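Colleague: Contents of final-v8.cif (mmCIF, N, CA and C atoms) are below:
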```
data_query
loop_
_atom_site.label_atom_id
_atom_site.label_comp_id
_atom_site.auth_asym_id
_atom_site.auth_seq_id
_atom_site.Cartn_x
_atom_site.Cartn_y
_atom_site.Cartn_z
N VAL A 1 0.85 -1.17 0.00
CA VAL A 1 0.00 0.00 0.00
C VAL A 1 0.89 1.22 0.00
N LYS A 2 0.65 2.10 -0.98
CA LYS A 2 1.42 3.34 -1.09
C LYS A 2 0.63 4.48 -0.45
N VAL A 3 1.25 5.15 0.50
CA VAL A 3 0.61 6.28 1.17
C VAL A 3 1.31 7.55 0.72
N GLU A 4 0.54 8.46 0.17
CA GLU A 4 1.11 9.74 -0.26
C GLU A 4 1.00 10.74 0.89
N GLU A 5 2.09 11.41 1.13
CA GLU A 5 2.11 12.39 2.20
C GLU A 5 1.68 13.73 1.65
N GLU A 6 0.76 14.37 2.33
CA GLU A 6 0.26 15.67 1.91
C GLU A 6 0.78 16.73 2.87
N VAL A 7 1.34 17.79 2.30
CA VAL A 7 1.82 18.89 3.13
C VAL A 7 0.63 19.79 3.44
N ILE A 8 0.40 20.00 4.71
CA ILE A 8 -0.73 20.82 5.13
C ILE A 8 -0.20 22.13 5.69
N SER A 9 -0.61 23.23 5.07
CA SER A 9 -0.20 24.53 5.59
C SER A 9 -1.17 24.92 6.71
N PRO A 10 -0.69 25.71 7.65
CA PRO A 10 -1.58 26.11 8.74
C PRO A 10 -2.75 26.92 8.21
N ARG A 11 -3.94 26.58 8.68
CA ARG A 11 -5.14 27.30 8.27
C ARG A 11 -5.33 28.45 9.24
N LEU A 12 -5.63 29.60 8.70
CA LEU A 12 -5.82 30.78 9.52
C LEU A 12 -7.30 31.08 9.67
N ARG A 13 -7.69 31.44 10.88
CA ARG A 13 -9.08 31.82 11.13
C ARG A 13 -9.50 32.96 10.20
N TYR A 14 -8.62 33.92 10.01
CA TYR A 14 -8.93 35.06 9.15
C TYR A 14 -9.30 34.59 7.74
N ASP A 15 -8.48 33.75 7.16
CA ASP A 15 -8.73 33.27 5.80
C ASP A 15 -9.97 32.39 5.71
N ASP A 16 -10.20 31.58 6.73
CA ASP A 16 -11.36 30.69 6.73
C ASP A 16 -12.67 31.43 6.93
N THR A 17 -12.63 32.54 7.65
CA THR A 17 -13.85 33.21 8.08
C THR A 17 -14.23 34.42 7.24
N TYR A 18 -13.25 35.13 6.70
CA TYR A 18 -13.54 36.42 6.06
C TYR A 18 -13.06 36.48 4.61
N GLU A 19 -13.76 37.30 3.85
CA GLU A 19 -13.37 37.65 2.48
C GLU A 19 -13.03 39.15 2.49
N GLU A 20 -11.83 39.51 2.05
CA GLU A 20 -11.45 40.92 2.03
C GLU A 20 -12.19 41.65 0.94
N ILE A 21 -12.72 42.82 1.31
CA ILE A 21 -13.44 43.66 0.36
C ILE A 21 -12.62 44.88 -0.04
N ASP A 22 -12.02 45.53 0.99
CA ASP A 22 -11.33 46.79 0.71
C ASP A 22 -10.30 47.08 1.81
N TYR A 23 -9.32 47.87 1.46
CA TYR A 23 -8.34 48.37 2.41
C TYR A 23 -8.85 49.73 2.89
N LEU A 24 -9.04 49.89 4.20
CA LEU A 24 -9.60 51.13 4.74
C LEU A 24 -8.54 52.10 5.22
N GLY A 25 -7.38 51.62 5.61
CA GLY A 25 -6.33 52.51 6.09
C GLY A 25 -5.30 51.77 6.90
N GLY A 26 -4.30 52.52 7.33
CA GLY A 26 -3.23 51.90 8.10
C GLY A 26 -2.50 52.91 8.94
N GLY A 27 -1.62 52.40 9.77
CA GLY A 27 -0.84 53.26 10.64
C GLY A 27 0.39 52.53 11.12
N ASN A 28 0.95 53.01 12.23
CA ASN A 28 2.17 52.43 12.78
C ASN A 28 2.00 50.97 13.18
N PHE A 29 0.84 50.64 13.73
CA PHE A 29 0.66 49.29 14.26
C PHE A 29 0.10 48.30 13.26
N GLY A 30 -0.62 48.75 12.24
CA GLY A 30 -1.19 47.78 11.32
C GLY A 30 -2.16 48.39 10.33
N ASP A 31 -2.98 47.53 9.75
CA ASP A 31 -3.92 47.91 8.71
C ASP A 31 -5.35 47.65 9.17
N VAL A 32 -6.28 48.43 8.59
CA VAL A 32 -7.70 48.20 8.82
C VAL A 32 -8.31 47.78 7.49
N LEU A 33 -9.02 46.67 7.52
CA LEU A 33 -9.59 46.09 6.30
C LEU A 33 -11.10 45.97 6.44
N LYS A 34 -11.79 46.21 5.35
CA LYS A 34 -13.23 45.94 5.28
C LYS A 34 -13.36 44.51 4.78
N VAL A 35 -14.10 43.68 5.52
CA VAL A 35 -14.24 42.27 5.18
C VAL A 35 -15.71 41.87 5.22
N ARG A 36 -16.00 40.74 4.59
CA ARG A 36 -17.33 40.14 4.66
C ARG A 36 -17.19 38.77 5.30
N HIS A 37 -18.01 38.52 6.32
CA HIS A 37 -18.02 37.24 6.98
C HIS A 37 -18.60 36.21 6.02
N LYS A 38 -17.90 35.11 5.82
CA LYS A 38 -18.31 34.11 4.83
C LYS A 38 -19.61 33.41 5.19
N LEU A 39 -19.96 33.33 6.47
CA LEU A 39 -21.19 32.64 6.86
C LEU A 39 -22.37 33.59 7.06
N ASP A 40 -22.17 34.68 7.81
CA ASP A 40 -23.32 35.54 8.09
C ASP A 40 -23.53 36.65 7.06
N GLY A 41 -22.54 36.85 6.18
CA GLY A 41 -22.68 37.84 5.11
C GLY A 41 -22.53 39.28 5.54
N ASN A 42 -22.36 39.54 6.84
CA ASN A 42 -22.19 40.91 7.33
C ASN A 42 -20.79 41.43 7.00
N GLU A 43 -20.71 42.75 6.89
CA GLU A 43 -19.42 43.40 6.66
C GLU A 43 -18.90 43.90 8.00
N TYR A 44 -17.59 43.76 8.19
CA TYR A 44 -16.93 44.18 9.41
C TYR A 44 -15.65 44.92 9.06
N ALA A 45 -15.15 45.69 10.01
CA ALA A 45 -13.82 46.28 9.91
C ALA A 45 -12.91 45.44 10.81
N ILE A 46 -11.78 45.03 10.26
CA ILE A 46 -10.81 44.27 11.04
C ILE A 46 -9.50 45.05 11.06
N LYS A 47 -9.00 45.27 12.27
CA LYS A 47 -7.69 45.89 12.43
C LYS A 47 -6.69 44.76 12.60
N ARG A 48 -5.79 44.67 11.66
CA ARG A 48 -4.78 43.59 11.67
C ARG A 48 -3.45 44.22 12.06
N ILE A 49 -2.88 43.73 13.16
CA ILE A 49 -1.66 44.31 13.71
C ILE A 49 -0.54 43.28 13.62
N LYS A 50 0.54 43.63 12.95
CA LYS A 50 1.71 42.76 12.92
C LYS A 50 2.55 43.05 14.15
N ILE A 51 2.99 41.98 14.79
CA ILE A 51 3.79 42.10 16.00
C ILE A 51 5.15 41.44 15.74
N PRO A 52 6.10 42.20 15.17
CA PRO A 52 7.38 41.59 14.82
C PRO A 52 8.22 41.23 16.02
N ASN A 53 7.99 41.89 17.14
CA ASN A 53 8.77 41.66 18.34
C ASN A 53 7.83 41.21 19.46
N PRO A 54 7.93 39.95 19.90
CA PRO A 54 7.04 39.47 20.97
C PRO A 54 7.08 40.32 22.23
N ASN A 55 8.16 41.08 22.44
CA ASN A 55 8.26 41.96 23.61
C ASN A 55 7.25 43.11 23.53
N LYS A 56 6.72 43.39 22.35
CA LYS A 56 5.73 44.46 22.16
C LYS A 56 4.30 43.96 22.38
N MET A 57 4.13 42.68 22.64
CA MET A 57 2.80 42.10 22.77
C MET A 57 1.99 42.80 23.86
N GLU A 58 2.59 43.10 24.99
CA GLU A 58 1.84 43.73 26.09
C GLU A 58 1.30 45.10 25.69
N ILE A 59 2.05 45.86 24.92
CA ILE A 59 1.59 47.17 24.45
C ILE A 59 0.36 47.00 23.57
N VAL A 60 0.41 46.04 22.68
CA VAL A 60 -0.72 45.78 21.78
C VAL A 60 -1.92 45.29 22.57
N LEU A 61 -1.70 44.40 23.52
CA LEU A 61 -2.80 43.88 24.33
C LEU A 61 -3.45 44.97 25.18
N GLN A 62 -2.66 45.97 25.60
CA GLN A 62 -3.23 47.10 26.34
C GLN A 62 -4.23 47.85 25.46
N GLU A 63 -3.89 48.05 24.18
CA GLU A 63 -4.81 48.72 23.26
C GLU A 63 -6.09 47.90 23.10
N VAL A 64 -5.95 46.59 22.96
CA VAL A 64 -7.12 45.72 22.81
C VAL A 64 -8.00 45.79 24.06
N ARG A 65 -7.39 45.73 25.22
CA ARG A 65 -8.17 45.80 26.46
C ARG A 65 -8.90 47.13 26.59
N THR A 66 -8.23 48.21 26.18
CA THR A 66 -8.86 49.53 26.21
C THR A 66 -10.05 49.57 25.26
N MET A 67 -9.89 49.04 24.06
CA MET A 67 -11.00 49.01 23.11
C MET A 67 -12.17 48.21 23.67
N ALA A 68 -11.88 47.09 24.30
CA ALA A 68 -12.94 46.26 24.85
C ALA A 68 -13.70 46.98 25.96
N LYS A 69 -12.99 47.75 26.79
CA LYS A 69 -13.63 48.50 27.88
C LYS A 69 -14.44 49.68 27.36
N LEU A 70 -13.97 50.30 26.29
CA LEU A 70 -14.62 51.50 25.77
C LEU A 70 -15.60 51.20 24.63
N CYS A 71 -15.96 49.95 24.47
CA CYS A 71 -16.75 49.57 23.30
C CYS A 71 -18.10 50.27 23.23
N ARG A 72 -18.56 50.87 24.28
CA ARG A 72 -19.84 51.59 24.26
C ARG A 72 -19.65 53.10 24.14
N HIS A 73 -18.43 53.55 23.87
CA HIS A 73 -18.15 54.98 23.75
C HIS A 73 -18.74 55.51 22.45
N GLU A 74 -19.32 56.72 22.50
CA GLU A 74 -20.01 57.28 21.34
C GLU A 74 -19.10 57.54 20.13
N HIS A 75 -17.80 57.70 20.35
CA HIS A 75 -16.88 58.00 19.25
C HIS A 75 -16.11 56.77 18.76
N LEU A 76 -16.47 55.59 19.24
CA LEU A 76 -15.81 54.37 18.82
C LEU A 76 -16.82 53.40 18.23
N VAL A 77 -16.37 52.63 17.26
CA VAL A 77 -17.22 51.56 16.74
C VAL A 77 -17.27 50.45 17.79
N LEU A 78 -18.21 49.57 17.67
CA LEU A 78 -18.38 48.50 18.64
C LEU A 78 -17.30 47.43 18.47
N TYR A 79 -16.56 47.19 19.52
CA TYR A 79 -15.54 46.14 19.54
C TYR A 79 -16.22 44.81 19.79
N LEU A 80 -15.89 43.79 18.98
CA LEU A 80 -16.51 42.49 19.13
C LEU A 80 -15.57 41.38 19.56
N ASP A 81 -14.35 41.37 19.04
CA ASP A 81 -13.57 40.15 19.12
C ASP A 81 -12.11 40.44 18.82
N CYS A 82 -11.23 39.56 19.27
CA CYS A 82 -9.83 39.60 18.84
C CYS A 82 -9.27 38.19 18.91
N TRP A 83 -8.19 37.97 18.19
CA TRP A 83 -7.51 36.68 18.22
C TRP A 83 -6.09 36.88 17.73
N ILE A 84 -5.26 35.90 18.02
CA ILE A 84 -3.84 35.95 17.63
C ILE A 84 -3.56 34.76 16.74
N GLU A 85 -2.87 35.03 15.64
CA GLU A 85 -2.46 33.96 14.72
C GLU A 85 -0.99 34.10 14.40
N ARG A 86 -0.32 32.99 14.26
CA ARG A 86 1.08 32.99 13.85
C ARG A 86 1.12 32.71 12.35
N LEU A 87 1.80 33.57 11.64
CA LEU A 87 1.91 33.45 10.19
C LEU A 87 3.33 33.04 9.83
N PRO A 88 3.64 31.76 9.89
CA PRO A 88 5.02 31.33 9.66
C PRO A 88 5.46 31.69 8.26
N PRO A 89 6.67 32.13 8.05
CA PRO A 89 7.66 32.48 9.07
C PRO A 89 7.52 33.93 9.50
N SER A 90 6.37 34.53 9.28
CA SER A 90 6.13 35.93 9.61
C SER A 90 5.89 36.11 11.10
N PRO A 91 5.80 37.37 11.51
CA PRO A 91 5.55 37.66 12.93
C PRO A 91 4.11 37.33 13.32
N LEU A 92 3.83 37.45 14.60
CA LEU A 92 2.48 37.26 15.10
C LEU A 92 1.57 38.35 14.55
N VAL A 93 0.30 38.03 14.41
CA VAL A 93 -0.68 39.01 13.97
C VAL A 93 -1.85 38.98 14.95
N LEU A 94 -2.25 40.14 15.41
CA LEU A 94 -3.43 40.26 16.25
C LEU A 94 -4.51 40.93 15.42
N ALA A 95 -5.68 40.36 15.41
CA ALA A 95 -6.78 40.94 14.65
C ALA A 95 -7.92 41.25 15.59
N THR A 96 -8.53 42.42 15.41
CA THR A 96 -9.71 42.76 16.18
C THR A 96 -10.84 43.01 15.21
N ARG A 97 -12.04 42.60 15.60
CA ARG A 97 -13.20 42.72 14.72
C ARG A 97 -14.18 43.69 15.35
N THR A 98 -14.71 44.59 14.54
CA THR A 98 -15.69 45.54 15.02
C THR A 98 -17.00 45.35 14.29
N PHE A 99 -18.07 45.81 14.88
CA PHE A 99 -19.41 45.64 14.34
C PHE A 99 -19.53 46.43 13.05
N PRO A 100 -20.37 45.94 12.10
CA PRO A 100 -20.54 46.67 10.84
C PRO A 100 -21.13 48.05 11.10
N SER A 101 -20.70 49.00 10.28
CA SER A 101 -21.24 50.34 10.40
C SER A 101 -22.67 50.36 9.88
N SER A 102 -23.41 51.39 10.21
CA SER A 102 -24.80 51.48 9.77
C SER A 102 -24.91 51.57 8.27
N SER A 103 -23.89 52.14 7.60
CA SER A 103 -23.93 52.26 6.14
C SER A 103 -23.76 50.90 5.47
N SER A 104 -23.02 49.98 6.11
CA SER A 104 -22.82 48.67 5.47
C SER A 104 -24.05 47.78 5.60
N SER A 105 -24.90 48.02 6.61
CA SER A 105 -26.07 47.18 6.78
C SER A 105 -27.15 47.48 5.77
N SER A 106 -27.07 48.66 5.13
CA SER A 106 -28.09 49.01 4.14
C SER A 106 -27.71 48.56 2.74
N SER A 107 -26.47 48.12 2.54
CA SER A 107 -26.05 47.70 1.20
C SER A 107 -26.26 46.24 0.97
#
```
Please re-express this file's structure in structure tokens.
Modeller:
Amino acid sequence: VKVEEEVISPRLRYDDTYEEIDYLGGGNFGDVLKVRHKLDGNEYAIKRIKIPNPNKMEIVLQEVRTMAKLCRHEHLVLYLDCWIERLPPSPLVLATRTFPSSSSSSS
């Protein structure tokens, strides 16, 4: 019996769950992307942060914790979720998901 070995690349939650629609902007810490959830069809904004130095993780996590606490602030979009993925051989990436804006729900 001949068994063929299949190379399996790591599957990323981001790739499995979302379809990129547009690039919304970027800054020192990362990029913000407009995405569509593959199952629920809603549009979300995802802030994707590259963390090249693991020593910077606490600084990034402080921002995430602040967003989570302020999610009901009138000048912020609703914070929903975050997760960390390793992109070999790239650095760690932290992604945060926010609720769709009112303009995206009408389209």
Colleague: Report, in Å to a single decimal, how far apart atom N of Val77 (chain A) and CA of Arg11 (chain A) are.
Modeller: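 Distance between the two atoms: 29.1 Å.
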Colleague: Could you check how far atom N of Ile51 (chain A) sits from atom C of Phe29 (chain A), in Å to one decimal?
Modeller: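 Taking atom N of Ile51 (chain A) and atom C of Phe29 (chain A), their separation equals 7.1 Å.
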Colleague: As an exercise, work out the distance from CA of Asp40 (chain A) to atom N of Thr17 (chain A) in Å and give it to one decimal place.
Modeller: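 Between these atoms lies a distance of 11.1 Å.
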Colleague: Looking at A:Val32, A:Leu24, A:Leu80, A:Leu12, which one is nearest to Arg65 (chain A), with distances taken over only C-alpha atoms?
Modeller: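 Distance minimum relative to Arg65 (chain A) lands on A:Leu80.
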Colleague: Centre and edge lengths, as JSON, for the axis-aligned box enclosing every listed atom of region 48-58 of chain A with 8 Å of padding on each of the six sides, in Å to one decimal?
Modeller:
```
{"center_x": 1.5, "center_y": 42.3, "center_z": 18.9, "size_x": 30.6, "size_y": 21.6, "size_z": 30.4}
```
Colleague: With distances taken over only C-alpha atoms, which residue among A:Tyr18, A:Asn28, A:Glu63, A:Lys69 lies nearest Ala45 (chain A)?
Modeller: A:Tyr18
Colleague: Any idea what's packed within 12 Å of Gly25 (chain A), counting only C-alpha atoms, ignoring anything in its chain fewer than 6 positions away? Could you give it as a list in words?
Modeller: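 Contacts, with the query itself left out: Asp31, Val32, Leu33, Lys34, Ala45, Ile46, Lys47 and Arg48 of chain A.
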Colleague: What does the file look like for those residues with N, CA and C atoms, as an mmCIF file, in the coordinates of the input?
Modeller:
```cif
data_model
loop_
_atom_site.group_PDB
_atom_site.id
_atom_site.type_symbol
_atom_site.label_atom_id
_atom_site.label_comp_id
_atom_site.auth_asym_id
_atom_site.auth_seq_id
_atom_site.Cartn_x
_atom_site.Cartn_y
_atom_site.Cartn_z
ATOM 1 N N ASP A 31 -2.980 47.530 9.750
ATOM 2 C CA ASP A 31 -3.920 47.910 8.710
ATOM 3 C C ASP A 31 -5.350 47.650 9.170
ATOM 4 N N VAL A 32 -6.280 48.430 8.590
ATOM 5 C CA VAL A 32 -7.700 48.200 8.820
ATOM 6 C C VAL A 32 -8.310 47.780 7.490
ATOM 7 N N LEU A 33 -9.020 46.670 7.520
ATOM 8 C CA LEU A 33 -9.590 46.090 6.300
ATOM 9 C C LEU A 33 -11.100 45.970 6.440
ATOM 10 N N LYS A 34 -11.790 46.210 5.350
ATOM 11 C CA LYS A 34 -13.230 45.940 5.280
ATOM 12 C C LYS A 34 -13.360 44.510 4.780
ATOM 13 N N ALA A 45 -15.150 45.690 10.010
ATOM 14 C CA ALA A 45 -13.820 46.280 9.910
ATOM 15 C C ALA A 45 -12.910 45.440 10.810
ATOM 16 N N ILE A 46 -11.780 45.030 10.260
ATOM 17 C CA ILE A 46 -10.810 44.270 11.040
ATOM 18 C C ILE A 46 -9.500 45.050 11.060
ATOM 19 N N LYS A 47 -9.000 45.270 12.270
ATOM 20 C CA LYS A 47 -7.690 45.890 12.430
ATOM 21 C C LYS A 47 -6.690 44.760 12.600
ATOM 22 N N ARG A 48 -5.790 44.670 11.660
ATOM 23 C CA ARG A 48 -4.780 43.590 11.670
ATOM 24 C C ARG A 48 -3.450 44.220 12.060
#
```
